[in-house]
Structure formats: structure tokens, C-alpha cells
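Pasting query32.cif here (mmCIF, C-alpha atoms):
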```cif
data_start
#
loop_
_atom_site.label_atom_id
_atom_site.label_comp_id
_atom_site.auth_asym_id
_atom_site.auth_seq_id
_atom_site.Cartn_x
_atom_site.Cartn_y
_atom_site.Cartn_z
CA MET A 1 209.44 29.28 26.13
CA LYS A 2 210.58 32.78 27.06
CA VAL A 3 208.98 33.64 30.42
CA ALA A 4 208.66 37.14 31.88
CA PHE A 5 207.68 37.91 35.48
CA TYR A 6 206.02 40.86 37.18
CA THR A 7 205.67 40.77 40.97
CA LEU A 8 203.47 43.02 43.07
CA GLY A 9 203.29 43.19 46.85
CA CYS A 10 205.22 41.79 49.76
CA LYS A 11 208.46 39.91 50.33
CA VAL A 12 206.56 36.62 50.38
CA ASN A 13 205.45 37.27 46.81
CA GLN A 14 209.02 38.14 45.85
CA TYR A 15 210.24 34.91 47.43
CA GLU A 16 207.63 32.83 45.62
CA THR A 17 208.45 34.50 42.29
CA GLN A 18 212.11 33.57 42.75
CA ALA A 19 211.06 29.96 43.37
CA LEU A 20 208.90 29.97 40.23
CA GLU A 21 211.78 31.40 38.20
CA GLN A 22 214.00 28.55 39.35
CA GLU A 23 211.37 25.95 38.45
CA PHE A 24 210.78 27.39 34.96
CA VAL A 25 214.53 27.37 34.29
CA ARG A 26 214.85 23.83 35.65
CA ARG A 27 212.21 22.71 33.16
CA GLY A 28 214.16 24.17 30.25
CA HIS A 29 212.56 27.59 29.82
CA THR A 30 214.39 30.92 29.69
CA LEU A 31 213.67 34.14 31.56
CA THR A 32 213.26 37.47 29.82
CA ASP A 33 212.37 41.05 30.64
CA PHE A 34 208.70 41.87 31.22
CA ASP A 35 208.90 45.00 29.07
CA GLY A 36 209.86 43.03 25.98
CA PRO A 37 208.44 40.18 23.88
CA ALA A 38 207.80 36.91 25.70
CA ASP A 39 205.89 33.67 25.21
CA VAL A 40 204.57 33.73 28.78
CA TYR A 41 203.84 36.66 31.08
CA VAL A 42 203.51 35.65 34.73
CA ILE A 43 201.87 38.23 37.01
CA ASN A 44 202.21 37.46 40.73
CA THR A 45 199.50 39.71 42.15
CA CYS A 46 198.76 41.51 45.41
CA SER A 47 195.37 42.25 46.96
CA VAL A 48 196.24 43.98 50.20
CA THR A 49 194.33 47.12 49.11
CA ALA A 50 191.89 48.08 46.37
CA VAL A 51 194.78 50.01 44.80
CA SER A 52 196.75 46.75 44.66
CA ASP A 53 193.86 45.12 42.80
CA LYS A 54 193.85 47.98 40.31
CA LYS A 55 197.59 47.69 39.72
CA SER A 56 197.22 43.94 39.16
CA ARG A 57 194.53 44.52 36.52
CA GLN A 58 196.66 47.15 34.79
CA VAL A 59 199.66 44.83 34.55
CA ILE A 60 197.51 41.99 33.19
CA ARG A 61 196.12 44.23 30.43
CA ARG A 62 199.59 45.58 29.68
CA ALA A 63 200.94 42.05 29.20
CA ARG A 64 198.12 41.16 26.80
CA LYS A 65 198.75 44.34 24.83
CA GLU A 66 202.49 43.60 24.66
CA ASN A 67 201.90 40.26 22.96
CA PRO A 68 198.31 39.25 22.13
CA ASN A 69 199.43 35.69 21.36
CA ALA A 70 201.35 35.10 24.56
CA VAL A 71 200.16 33.14 27.58
CA VAL A 72 199.11 35.48 30.42
CA ALA A 73 199.36 33.49 33.64
CA VAL A 74 198.09 35.06 36.87
CA CYS A 75 198.69 33.89 40.43
CA GLY A 76 198.77 35.37 43.92
CA CYS A 77 196.31 36.99 46.28
CA TYR A 78 194.13 38.89 43.80
CA PRO A 79 192.65 35.87 41.95
CA GLN A 80 192.46 33.98 45.26
CA THR A 81 190.18 36.63 46.77
CA HIS A 82 188.43 37.86 43.60
CA PRO A 83 187.99 34.84 41.32
CA LYS A 84 184.94 36.25 39.51
CA GLU A 85 186.87 39.32 38.39
CA MET A 86 189.26 37.05 36.51
CA ASP A 87 186.44 36.26 34.06
CA GLU A 88 186.55 39.86 32.85
CA LEU A 89 190.32 39.95 32.27
CA PRO A 90 192.37 38.69 29.28
CA VAL A 91 194.07 35.77 31.03
CA ASP A 92 194.91 32.20 30.02
CA LEU A 93 195.73 30.74 33.43
CA VAL A 94 194.25 31.64 36.81
CA CYS A 95 195.84 30.30 39.98
CA GLY A 96 195.90 31.57 43.55
CA THR A 97 198.36 31.35 46.42
CA GLY A 98 198.69 27.56 46.62
CA ASP A 99 200.70 24.83 44.85
CA ARG A 100 203.26 27.08 43.19
CA LEU A 101 205.19 24.22 41.61
CA ALA A 102 202.06 22.90 39.87
CA PHE A 103 201.62 26.42 38.47
CA VAL A 104 204.60 25.88 36.16
CA GLU A 105 203.12 22.72 34.67
CA LEU A 106 199.74 24.42 34.28
CA THR A 107 201.42 27.27 32.41
CA GLU A 108 202.88 24.76 29.96
CA GLN A 109 199.39 23.29 29.52
CA ALA A 110 197.92 26.74 28.92
CA ALA A 111 200.41 27.29 26.11
CA ALA A 112 199.08 24.17 24.40
CA CYS A 113 195.34 24.93 24.54
CA THR A 114 192.98 27.77 23.67
CA GLN A 115 190.75 27.78 26.75
CA THR A 116 191.39 29.54 30.03
CA ILE A 117 192.59 27.19 32.78
CA THR A 118 191.40 28.00 36.31
CA ALA A 119 193.00 26.20 39.24
CA LEU A 120 191.85 27.78 42.51
CA ASP A 121 191.49 25.98 45.83
CA ASP A 122 190.08 26.80 49.27
CA ALA A 123 192.90 28.57 51.11
CA PHE A 124 191.50 27.51 54.49
CA ALA A 125 191.65 23.83 53.49
CA ARG A 126 195.45 23.90 53.25
CA THR A 127 197.26 22.14 56.07
CA GLU A 128 200.81 21.64 54.78
CA PHE A 129 203.56 24.19 54.23
CA GLU A 130 204.66 24.16 50.59
CA VAL A 131 208.45 23.88 50.56
CA LEU A 132 209.94 25.94 47.73
CA PRO A 133 213.58 26.42 46.71
CA ALA A 134 215.13 29.40 48.48
CA GLY A 135 217.36 32.00 46.87
CA GLY A 136 217.40 33.40 43.36
CA LEU A 137 219.12 32.89 40.04
CA GLU A 138 221.19 36.08 40.07
CA GLY A 139 224.24 36.89 42.15
CA ARG A 140 222.39 38.40 45.06
CA THR A 141 223.82 39.15 48.48
CA ARG A 142 220.58 38.78 50.45
CA ALA A 143 218.27 35.77 50.27
CA MET A 144 214.75 35.48 51.58
CA LEU A 145 213.80 32.29 53.37
CA LYS A 146 210.07 31.80 53.68
CA VAL A 147 209.35 29.99 56.93
CA GLU A 148 205.61 30.54 57.38
CA ASP A 149 202.40 31.05 55.43
CA GLY A 150 198.88 32.01 56.45
CA CYS A 151 197.37 34.23 59.15
CA VAL A 152 194.46 33.97 61.57
CA ASN A 153 194.59 37.43 63.12
CA PHE A 154 191.66 38.73 61.04
CA CYS A 155 192.43 42.42 61.48
CA SER A 156 189.34 44.35 60.45
CA TYR A 157 191.07 46.11 57.52
CA CYS A 158 192.90 43.08 56.09
CA ILE A 159 191.86 40.51 53.49
CA ILE A 160 195.09 38.48 53.56
CA PRO A 161 193.81 35.67 55.87
CA TYR A 162 191.22 34.91 53.18
CA ALA A 163 193.94 34.88 50.53
CA ARG A 164 196.48 32.79 52.42
CA GLY A 165 194.50 30.57 54.77
CA ARG A 166 195.59 29.19 58.11
CA ILE A 167 199.07 29.12 59.63
CA ARG A 168 201.52 26.65 58.08
CA SER A 169 205.16 26.50 59.17
CA LEU A 170 208.38 25.28 57.58
CA PRO A 171 209.74 22.54 59.88
CA THR A 172 212.96 23.37 61.70
CA ASP A 173 215.08 20.70 60.03
CA MET A 174 214.10 21.99 56.57
CA ALA A 175 214.83 25.56 57.64
CA ARG A 176 218.30 24.47 58.78
CA GLN A 177 218.90 22.70 55.49
CA GLN A 178 217.82 25.64 53.34
CA ALA A 179 219.82 28.12 55.43
CA ALA A 180 222.96 26.01 55.07
CA GLN A 181 222.39 25.75 51.31
CA LEU A 182 222.03 29.52 50.99
CA GLN A 183 225.30 30.03 52.84
CA ALA A 184 227.00 27.49 50.57
CA LYS A 185 225.73 29.40 47.51
CA GLY A 186 227.53 32.50 48.74
CA TYR A 187 224.71 34.55 50.22
CA ARG A 188 225.81 36.76 53.09
CA GLU A 189 222.40 37.54 54.57
CA ILE A 190 219.19 35.56 55.10
CA VAL A 191 215.86 37.28 55.73
CA LEU A 192 213.25 35.15 57.49
CA THR A 193 209.93 36.01 55.92
CA GLY A 194 206.32 34.88 55.95
CA ILE A 195 202.81 36.21 56.14
CA GLU A 196 202.94 36.31 59.96
CA ILE A 197 206.19 34.80 61.22
CA SER A 198 205.34 35.51 64.87
CA SER A 199 202.93 32.56 64.63
CA TRP A 200 205.62 30.22 63.30
CA GLY A 201 205.45 26.75 64.85
CA ARG A 202 201.89 26.89 66.12
CA ASP A 203 200.73 24.24 63.66
CA LEU A 204 203.75 21.94 64.12
CA ARG A 205 202.75 21.04 67.69
CA THR A 206 206.34 20.41 68.71
CA GLY A 207 206.39 23.09 71.41
CA GLU A 208 208.81 25.17 69.34
CA GLU A 209 208.44 28.92 68.98
CA LEU A 210 209.99 31.55 66.74
CA ALA A 211 213.07 31.89 68.98
CA ASP A 212 213.83 28.19 68.43
CA LEU A 213 213.69 28.65 64.68
CA VAL A 214 215.91 31.75 64.75
CA GLU A 215 218.51 29.94 66.86
CA ALA A 216 218.46 26.98 64.44
CA VAL A 217 218.90 29.16 61.34
CA CYS A 218 221.67 31.24 62.92
CA ALA A 219 223.54 28.05 63.84
CA ALA A 220 223.05 26.48 60.41
CA ALA A 221 224.43 29.54 58.59
CA PRO A 222 226.99 31.09 60.98
CA GLU A 223 228.68 33.07 58.20
CA CYS A 224 225.43 34.78 57.21
CA ARG A 225 223.63 37.63 58.80
CA VAL A 226 220.10 36.62 59.78
CA ARG A 227 217.41 39.28 59.63
CA LEU A 228 213.83 38.93 60.86
CA GLY A 229 210.71 39.93 58.95
CA SER A 230 207.75 41.73 60.48
CA LEU A 231 206.90 40.75 64.06
CA GLU A 232 203.82 41.09 66.22
CA PRO A 233 204.50 42.89 69.55
CA ARG A 234 203.36 39.85 71.54
CA THR A 235 206.45 38.01 70.26
CA ILE A 236 208.79 40.31 72.15
CA THR A 237 209.16 38.89 75.64
CA GLU A 238 212.08 38.96 78.03
CA GLU A 239 212.95 35.34 77.21
CA PHE A 240 212.76 36.01 73.47
CA CYS A 241 215.11 38.99 73.75
CA ALA A 242 217.55 37.22 76.08
CA ARG A 243 217.87 34.23 73.74
CA LEU A 244 218.23 36.26 70.56
CA ALA A 245 220.72 38.70 72.09
CA ARG A 246 223.16 35.79 72.39
CA LEU A 247 223.18 35.20 68.62
CA ASP A 248 226.20 36.93 67.08
CA ASN A 249 224.88 36.83 63.51
CA LEU A 250 221.35 38.08 64.21
CA CYS A 251 220.76 41.59 62.89
CA PRO A 252 219.51 44.04 65.55
CA HIS A 253 216.69 45.17 63.29
CA PHE A 254 213.10 44.59 64.39
CA HIS A 255 210.04 45.58 62.41
CA LEU A 256 207.21 45.70 64.93
CA SER A 257 203.76 45.85 63.38
CA MET A 258 201.82 48.73 64.97
CA GLN A 259 199.21 50.36 62.63
CA SER A 260 197.98 52.84 65.25
CA GLY A 261 199.24 54.45 68.44
CA CYS A 262 195.75 54.93 69.86
CA ASP A 263 194.03 52.19 71.88
CA SER A 264 190.49 52.95 70.68
CA VAL A 265 191.62 52.72 67.04
CA LEU A 266 193.50 49.48 67.75
CA VAL A 267 190.26 48.00 69.10
CA ARG A 268 188.42 48.94 65.91
CA MET A 269 191.26 47.43 63.91
CA ASN A 270 190.92 44.18 65.90
CA ARG A 271 194.61 44.24 66.76
CA LYS A 272 195.68 41.89 69.55
CA TYR A 273 197.59 44.38 71.76
CA ASP A 274 197.32 47.85 73.20
CA THR A 275 199.84 50.68 73.30
CA ALA A 276 201.11 49.66 76.74
CA ARG A 277 202.04 46.18 75.50
CA TYR A 278 203.57 47.65 72.37
CA LEU A 279 205.73 50.07 74.35
CA GLN A 280 206.85 47.21 76.57
CA SER A 281 208.15 45.41 73.47
CA VAL A 282 210.06 48.48 72.35
CA GLU A 283 211.64 48.92 75.77
CA LEU A 284 212.65 45.24 75.98
CA LEU A 285 214.41 45.42 72.61
CA ARG A 286 216.35 48.49 73.70
CA GLN A 287 217.24 46.81 76.97
CA TYR A 288 218.77 43.74 75.32
CA PHE A 289 220.22 45.16 72.09
CA THR A 290 222.55 48.10 71.52
CA ASP A 291 221.01 50.79 69.30
CA PRO A 292 218.55 48.41 67.64
CA ALA A 293 216.69 49.61 64.58
CA ILE A 294 213.00 49.45 65.49
CA THR A 295 210.77 50.13 62.51
CA THR A 296 207.02 50.03 62.06
CA ASP A 297 203.99 50.65 59.84
CA LEU A 298 201.29 53.22 60.52
CA ILE A 299 197.81 53.46 59.00
CA VAL A 300 196.30 56.95 59.24
CA GLY A 301 192.71 57.93 58.60
CA PHE A 302 191.17 54.65 59.72
CA PRO A 303 187.35 54.81 59.77
CA GLY A 304 186.19 57.00 62.62
CA GLU A 305 189.67 58.24 63.55
CA THR A 306 189.20 61.60 65.22
CA GLU A 307 191.72 64.40 65.33
CA GLU A 308 192.24 63.60 69.02
CA GLU A 309 192.91 59.92 68.26
CA PHE A 310 195.36 60.91 65.54
CA ALA A 311 197.12 63.28 67.94
CA GLN A 312 197.43 60.40 70.45
CA THR A 313 199.04 58.29 67.73
CA LEU A 314 201.59 60.98 66.86
CA GLY A 315 202.47 61.41 70.52
CA PHE A 316 202.88 57.66 70.93
CA VAL A 317 205.14 57.18 67.92
CA ARG A 318 207.34 60.07 69.04
CA GLY A 319 207.73 58.29 72.38
CA CYS A 320 208.74 55.08 70.63
CA ALA A 321 211.40 56.97 68.61
CA PHE A 322 211.35 54.59 65.66
CA SER A 323 214.34 54.44 63.33
CA ALA A 324 211.94 54.32 60.38
CA MET A 325 208.17 54.38 59.99
CA HIS A 326 206.21 53.60 56.84
CA VAL A 327 203.01 55.66 56.68
CA PHE A 328 199.92 54.57 54.75
CA PRO A 329 196.61 56.40 54.42
CA TYR A 330 193.81 53.93 55.09
CA SER A 331 192.64 52.27 51.88
CA LYS A 332 189.14 50.84 51.85
CA ARG A 333 189.41 47.13 51.19
CA PRO A 334 186.07 45.66 49.99
CA GLY A 335 185.32 42.37 51.72
CA THR A 336 186.69 43.43 55.10
CA PRO A 337 184.74 44.61 58.20
CA ALA A 338 186.47 48.01 58.14
CA ALA A 339 185.02 48.73 54.70
CA GLN A 340 181.54 48.65 56.26
CA MET A 341 182.39 50.82 59.26
CA PRO A 342 180.72 54.25 59.59
CA ASN A 343 182.57 57.55 59.42
CA GLN A 344 184.83 56.75 56.49
CA LEU A 345 187.18 59.74 56.24
CA PRO A 346 187.61 61.78 53.05
CA ASN A 347 190.83 61.35 51.06
CA THR A 348 191.85 64.93 51.79
CA VAL A 349 191.90 64.27 55.54
CA LYS A 350 193.79 61.02 55.09
CA ALA A 351 196.36 62.71 52.85
CA GLN A 352 196.89 65.55 55.33
CA ARG A 353 197.40 63.13 58.21
CA ALA A 354 199.75 60.99 56.16
CA GLU A 355 201.85 64.07 55.41
CA ARG A 356 201.99 65.07 59.08
CA ALA A 357 202.92 61.53 60.15
CA ALA A 358 205.56 61.30 57.43
CA GLN A 359 207.19 64.46 58.79
CA VAL A 360 207.39 62.88 62.25
CA ALA A 361 208.82 59.72 60.68
CA ALA A 362 211.52 61.75 58.91
CA GLU A 363 212.47 63.53 62.14
CA MET A 364 212.78 60.23 64.04
CA GLU A 365 214.81 58.63 61.27
CA GLN A 366 217.24 61.54 61.15
CA ALA A 367 217.66 61.47 64.95
CA TYR A 368 218.44 57.74 64.83
CA LEU A 369 220.95 58.07 61.98
CA ASP A 370 222.71 61.02 63.62
CA ARG A 371 223.83 58.69 66.42
CA PHE A 372 226.09 56.85 64.01
CA VAL A 373 228.08 59.79 62.64
CA GLY A 374 231.73 59.13 63.48
CA ARG A 375 231.16 55.45 64.23
CA VAL A 376 232.70 52.49 62.43
CA VAL A 377 230.09 49.96 61.29
CA PRO A 378 230.18 46.76 59.22
CA VAL A 379 228.44 47.13 55.86
CA LEU A 380 227.37 44.35 53.50
CA PHE A 381 227.74 45.84 50.02
CA GLU A 382 225.16 44.90 47.43
CA GLU A 383 225.46 47.04 44.29
CA GLU A 384 227.25 49.87 42.53
CA ARG A 385 225.23 52.89 41.42
CA GLU A 386 226.53 56.07 39.81
CA GLY A 387 230.09 55.49 40.96
CA LEU A 388 229.21 54.62 44.57
CA TRP A 389 228.93 51.26 46.28
CA TRP A 390 225.77 50.78 48.36
CA GLY A 391 225.05 48.39 51.20
CA HIS A 392 223.43 48.04 54.62
CA THR A 393 224.61 47.80 58.20
CA PRO A 394 223.20 45.03 60.45
CA ASN A 395 220.56 47.51 61.67
CA TYR A 396 219.66 48.26 58.07
CA ILE A 397 221.15 51.70 57.64
CA PRO A 398 221.78 52.28 53.91
CA VAL A 399 225.41 53.33 53.40
CA SER A 400 227.30 54.50 50.32
CA VAL A 401 231.08 54.72 49.86
CA THR A 402 233.63 55.26 47.15
CA GLY A 403 235.42 52.00 46.44
CA ALA A 404 236.01 49.17 44.02
CA ASP A 405 234.87 45.55 43.77
CA LEU A 406 232.87 45.51 47.01
CA HIS A 407 229.98 43.29 45.86
CA ASN A 408 228.90 40.76 48.51
CA ARG A 409 231.66 41.80 50.91
CA VAL A 410 231.30 42.92 54.52
CA VAL A 411 233.65 45.85 55.13
CA ASP A 412 234.09 48.27 58.03
CA VAL A 413 233.00 51.81 57.20
CA ARG A 414 233.32 55.05 59.14
CA ILE A 415 230.16 57.13 58.73
CA PHE A 416 230.84 60.85 58.30
CA GLU A 417 227.47 62.18 57.09
CA VAL A 418 223.78 61.30 57.10
CA GLU A 419 221.13 62.90 54.95
CA HIS A 420 217.70 62.00 53.58
CA GLY A 421 217.65 58.58 55.23
CA THR A 422 221.06 57.41 54.01
CA ALA A 423 224.62 57.53 55.31
CA ARG A 424 227.87 58.41 53.56
CA GLY A 425 231.03 56.76 54.74
CA GLU A 426 234.63 55.93 54.02
CA LEU A 427 236.29 52.51 54.04
CA VAL A 428 238.38 51.83 57.12
#
```
Entire entry expressed as C-alpha cells:
Amino acid sequence: MKVAFYTLGCKVNQYETQALEQEFVRRGHTLTDFDGPADVYVINTCSVTAVSDKKSRQVIRRARKENPNAVVAVCGCYPQTHPKEMDELPVDLVCGTGDRLAFVELTEQAAACTQTITALDDAFARTEFEVLPAGGLEGRTRAMLKVEDGCVNFCSYCIIPYARGRIRSLPTDMARQQAAQLQAKGYREIVLTGIEISSWGRDLRTGEELADLVEAVCAAAPECRVRLGSLEPRTITEEFCARLARLDNLCPHFHLSMQSGCDSVLVRMNRKYDTARYLQSVELLRQYFTDPAITTDLIVGFPGETEEEFAQTLGFVRGCAFSAMHVFPYSKRPGTPAAQMPNQLPNTVKAQRAERAAQVAAEMEQAYLDRFVGRVVPVLFEEEREGLWWGHTPNYIPVSVTGADLHNRVVDVRIFEVEHGTARGELV
């Protein structure tokens, strides 16, 4: 069968799609483009916001329109959290976020019958981490390594714990093995990803924490850069920083989940820290790492957010001086406590605040990039676009140069200009 994929959402979804692609190919099927004719259309959905749900529905209907006789197979967070809505959509197979390898076999079964197959489980009943093949089928430079699934933080705006269930961790020996395999395949960078990697190891009951895992992966793949996914501020302690600062191949790039820079809003969000603890994490990272990239996410217009609370947030983020900040206007997510909170703000207010926060984000990003003008930095080159080669520094600065045959090579570059969030350089 010719199988086409469409993936919405986070890096975990991207990782799981790559694993599914490998399994389909292993079983003798071929991959094809989603915009063309296919025998099977696989939609790996997202449900982090109501907008994500809408996008998932649109892609499902688009696939059915593309080929009415094809198998439309849906998996991911949307069917896991909204199973009844699947009854109203033109799908042949409905799965959730569990047992990805069985999904391939079920797709083959769906192609042989005329009735919709539904295979959904209880996400909270899962106790084992599903080990999937890491890496992709194309000649990529960067590989994602999923090391954790599930979340029990239950932030008031988030439905993902209901979609993913409890914390499950990839054991250290398997992480070592997969990291070594990725290096052997020629990857030059490994990104540790998961739903909430700060909680890695809690379920293993071995006494290991995230720092132990990072040390193990860095040692198993010494020729690869190792980059961390999103972290909770509580992860950043003096011991954590001291141990990781000794790892030569760890990228000094830390995405610290924030969501708000106002303590009263953080309480309503049911976040597990306050701004003082968050700032402590930022200061520790800058103490132990040289010019680390510290990035974050910000939700503006959360229910009840006053102009004063928003002003506190802007002041706080300026003090943190992030290298990049992704800004999201609050999106009402049915099924979460925040959706029932009073004082839901109008879209106009949320849009205005998002624009103001984005301006602050752009100013901070430019200030961070300006530090590197004139410096020589190592760049891992990934692709050629419009006559320029593009890649990233260890602290994730996007860099373009004029050159030839730089794919998957780490080369020293002197940065001479930064503009609009990217750097221009010349090969040294």
C-alpha cells in the first residue's frame, strides 16, 4: 500500500510519526506525499487547543476528499480525548496515543474490511513505556529520541494528561542503546523529547533523575550534540547545572516552561512554581553555562488576567532576557478547569496582548543575537535553501552561509550580521 502521513502538534508526535513510517516500510509498504493519491492516509492529531481539534478535523476531511476509497487512519491526542467526535468524521480506523506498533497492523486490517475499527484504551491504565525505533528514513542531521511519555501536572488549561496518561520513562540502558545507534547511523545531533521530560525516571524507581539520563546519552553518543527538550523550572538545581556543565557535547540551550510571569496567574494556571523559583533557575543556568540560550513559552490573556497582571508578566520576562519567547493567546480548551473560569477575555484583548508580548520577545531575541556578531561559532548544517546553507549553533542560533556540500557537517563560522532572528556568517 502507498501510505501518506500528516502530523500535527509537538515533537513527540513527530517522533512517533517517524517510528510509524519505519514500521510501515518494514512491513513492505511505501510512503508517498499527503497531497497526492494514496491507499492510506494517516493523520497523527493534536488536541492541545480547540484550534488543534479543528485543524485535525479539516485534515481528516481533506484526506477523504482526496481519495474517497482510501483508508483514513487517525491516531494521536484528538481521538484519545474526544472519541465521540470520531463517530461524526469519515474515518476507517480510530486509535489514540497508545500501542503505536499495533496501529500499523490495524491499518492493514482496516484496508481489508468495510467497517470502522476503533481501538482506544484508558490512557491512565498504561504503566509501560512503549519503545519505538528512533530516527527517520531520510538523511536527517538531527534525530529526536523520545525518553518519556505522560504527565501528571494537571495545569488548569491543559488536556494533555488525559490524552497521554501517567509518567512512563525509557530505561537508561535502552536510551544508551538508541543513542549509540543514532550516532552510528550518522546523525550529528540528538534531541531528548517527551511530554514532560523533567519527570523522567520517577516511575522507574531506580533513584535516577534526568541528569543521570543526560549523562548516559552524552556518553553513549560522544560524537553527537545532545539537546534537551522543554524543562520545568524545578529541574534546574545547582547539582543539575554542575553535572551538565561538565558534558562537552550537551548543547547550552534550555527551554524553560513559564506560561506567565505573574504569581497570581501562575496559581490560577496550577503551575508548580512561582516567579522567584523561575528566576532562580534562569540565574543558575547563566552561572554555569556561557551565554546559554534560554527560551520559553508565554500564554497571554488567561482567564481573569488583568492589565496589571499582564504588565507584571512583561516586566518579568524583560528581567529574564530570554533568547527567544513563543507567545500564545490563551485558547479555551473544553474539558479543562480553565475553560470554566470566570472573566474569559475577549479575543481582541488577547490579540493586543500577544502583539505587545511578541514585540518584547523580538527585542530580547535581537539583543541576544547581537552578542555573537564577530564571534566564531560551530554550526551544524542541515539544508540548502535558495543558494545558502542553513544550520544551527549549539545554542540554536539559525545561521546561513555561502558554501558547498555542507550537509551534516559541523563547521566554524564567523557571524557578521544578525537580522530578523537569524545570523549571516562566513566559513572560517
Exercise. Residues at most 10 Å from A:Gln177, counting all atoms listed in the file, excluding those fewer than 6 positions away in the same chain, as a ChimeraX atom specification?
Worked result: /A:216-217,220-221
For this session: I need the residue set behind the PyMOL selection byres ((chain A and resi 144-155) around 7) for this file; please write it as a ChimeraX atom specification.
Result: /A:12,15,134-135,142-143,156-158,161,164-170,190-197,200,269-271
Exercise. What does the distance between atom CA of A:His255 and atom CA of A:Phe328 come to in Å, to one decimal place?
Worked result: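 Here the two named atoms are 15.6 Å from each other.
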Exercise. Suppose you want the space between atom CA of A:Ala404 and atom CA of A:Glu386; what is it in Å?
Worked result: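 About the pair atom CA of A:Ala404 and atom CA of A:Glu386: they are 12.5 Å apart.
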Problem set entry | Selection: 12 Å around A:Pro37, only C-alpha atoms, excl. self and same-chain fewer than 4 positions, as a list in words |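 Counting only the stated atoms, we get Met1, Lys2, Val3, Ala4, Phe5, Leu31, Thr32, Asp33, Tyr41, Arg62, Ala63, Arg64, Lys65, Glu66, Asn67, Pro68, Asn69, Ala70 and Val71 of chain A.
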For this session: Step by step, work through what the PyMOL selection byres ((chain A and resi 283-300) around 7) selects in the shown file, and finish by giving those residues as a PyMOL selection string.
Result: chain A and resi 238+241-242+245+252-260+279-282+301-302+322-330+350+353-354+395
Exercise. So which residues get picked by the PyMOL selection byres ((chain A and resi 104-119) around 12) here, written as JSON, numbers by chain?
Worked result: {"A": [1, 2, 3, 17, 19, 20, 21, 22, 23, 24, 25, 26, 27, 28, 29, 39, 40, 41, 42, 43, 69, 70, 71, 72, 73, 74, 75, 76, 79, 80, 83, 84, 86, 87, 88, 89, 90, 91, 92, 93, 94, 95, 96, 97, 98, 99, 100, 101, 102, 103, 120, 121, 122]}
For this session: Report the distance between atom CA of A:Val214 and atom CA of A:Asp173 in Å, rounded to one decimal place.
Result: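 These atoms are spaced 12.0 Å apart.
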Problem set entry | Top pick for closest residue to A:Glu383, considering A:Lys54, A:His420, A:Arg205, A:Arg140 and counting all atoms listed in the file |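 Once distances to A:Glu383 are computed over all atoms listed in the file, the minimum belongs to A:Arg140.
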Problem set entry | Residue nearest A:Ser331 - candidates A:Ser47, A:Ala367, A:Gly403, A:Glu309, atoms counted: only C-alpha atoms | A:Ser47
Problem set entry | Which of A:Gly229, A:Gly186, A:Pro334, A:Gly261 sits closest to A:Asp53 [using all atoms listed in the file] | A:Pro334
Exercise. Which is closest to A:Lys185 among A:Thr336, A:Thr313, A:Asn408, A:Ser52, if we use only C-alpha atoms?
Worked result: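 Ranked by minimum distance to A:Lys185, first place goes to A:Asn408.
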What box, with edges along x, y and z, holds each listed atom of stretch 136-150 of chain A when 4 Å is added on every side, and can you state its centre and edge lengths in Å to one decimal, as lines of an AutoDock Vina configuration file?
```
center_x = 211.6
center_y = 34.6
center_z = 48.7
size_x = 33.4
size_y = 17.2
size_z = 25.3
```
For this session: Using only C-alpha atoms, find the one residue out of A:Ala321, A:Ser264, A:Pro233, A:Gly9 that sits nearest to A:Tyr278.
Result: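 So, comparing all the options, the nearest one is A:Pro233.
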For this session: Could you tell me which of A:Lys272, A:Arg385, A:Arg225, A:His392 comes closest to A:Glu189 if we count only C-alpha atoms?
Result: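 Answer, going by the shortest atom-to-atom distance: A:Arg225.
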Can you put N, CA and C atoms back into stretch 233-247 of chain A and show it as a PDB file, in the frame of the given file?
```pdb
ATOM      1  N   PRO A 233     203.937  42.495  68.257  1.00  0.00           N
ATOM      2  CA  PRO A 233     204.500  42.890  69.550  1.00  0.00           C
ATOM      3  C   PRO A 233     204.471  41.786  70.600  1.00  0.00           C
ATOM      4  N   ARG A 234     203.457  40.909  70.526  1.00  0.00           N
ATOM      5  CA  ARG A 234     203.360  39.850  71.540  1.00  0.00           C
ATOM      6  C   ARG A 234     204.557  38.898  71.497  1.00  0.00           C
ATOM      7  N   THR A 235     205.279  38.877  70.391  1.00  0.00           N
ATOM      8  CA  THR A 235     206.450  38.010  70.260  1.00  0.00           C
ATOM      9  C   THR A 235     207.576  38.453  71.171  1.00  0.00           C
ATOM     10  N   ILE A 236     207.651  39.745  71.438  1.00  0.00           N
ATOM     11  CA  ILE A 236     208.790  40.310  72.150  1.00  0.00           C
ATOM     12  C   ILE A 236     208.596  40.162  73.649  1.00  0.00           C
ATOM     13  N   THR A 237     209.177  39.121  74.202  1.00  0.00           N
ATOM     14  CA  THR A 237     209.160  38.890  75.640  1.00  0.00           C
ATOM     15  C   THR A 237     210.600  38.947  76.160  1.00  0.00           C
ATOM     16  N   GLU A 238     210.738  38.925  77.469  1.00  0.00           N
ATOM     17  CA  GLU A 238     212.080  38.960  78.030  1.00  0.00           C
ATOM     18  C   GLU A 238     212.880  37.727  77.626  1.00  0.00           C
ATOM     19  N   GLU A 239     212.241  36.560  77.627  1.00  0.00           N
ATOM     20  CA  GLU A 239     212.950  35.340  77.210  1.00  0.00           C
ATOM     21  C   GLU A 239     213.357  35.413  75.747  1.00  0.00           C
ATOM     22  N   PHE A 240     212.459  35.891  74.894  1.00  0.00           N
ATOM     23  CA  PHE A 240     212.760  36.010  73.470  1.00  0.00           C
ATOM     24  C   PHE A 240     213.981  36.902  73.260  1.00  0.00           C
ATOM     25  N   CYS A 241     213.996  38.060  73.907  1.00  0.00           N
ATOM     26  CA  CYS A 241     215.110  38.990  73.750  1.00  0.00           C
ATOM     27  C   CYS A 241     216.412  38.410  74.302  1.00  0.00           C
ATOM     28  N   ALA A 242     216.343  37.773  75.462  1.00  0.00           N
ATOM     29  CA  ALA A 242     217.550  37.220  76.080  1.00  0.00           C
ATOM     30  C   ALA A 242     218.173  36.143  75.191  1.00  0.00           C
ATOM     31  N   ARG A 243     217.343  35.297  74.604  1.00  0.00           N
ATOM     32  CA  ARG A 243     217.870  34.230  73.740  1.00  0.00           C
ATOM     33  C   ARG A 243     218.460  34.800  72.451  1.00  0.00           C
ATOM     34  N   LEU A 244     217.751  35.743  71.833  1.00  0.00           N
ATOM     35  CA  LEU A 244     218.230  36.260  70.560  1.00  0.00           C
ATOM     36  C   LEU A 244     219.453  37.173  70.722  1.00  0.00           C
ATOM     37  N   ALA A 245     219.569  37.825  71.867  1.00  0.00           N
ATOM     38  CA  ALA A 245     220.720  38.700  72.090  1.00  0.00           C
ATOM     39  C   ALA A 245     222.024  37.922  72.136  1.00  0.00           C
ATOM     40  N   ARG A 246     221.947  36.629  72.350  1.00  0.00           N
ATOM     41  CA  ARG A 246     223.160  35.790  72.390  1.00  0.00           C
ATOM     42  C   ARG A 246     223.618  35.357  70.998  1.00  0.00           C
ATOM     43  N   LEU A 247     222.858  35.657  69.970  1.00  0.00           N
ATOM     44  CA  LEU A 247     223.180  35.200  68.620  1.00  0.00           C
ATOM     45  C   LEU A 247     224.012  36.262  67.893  1.00  0.00           C
TER      46      LEU A 247
END
```
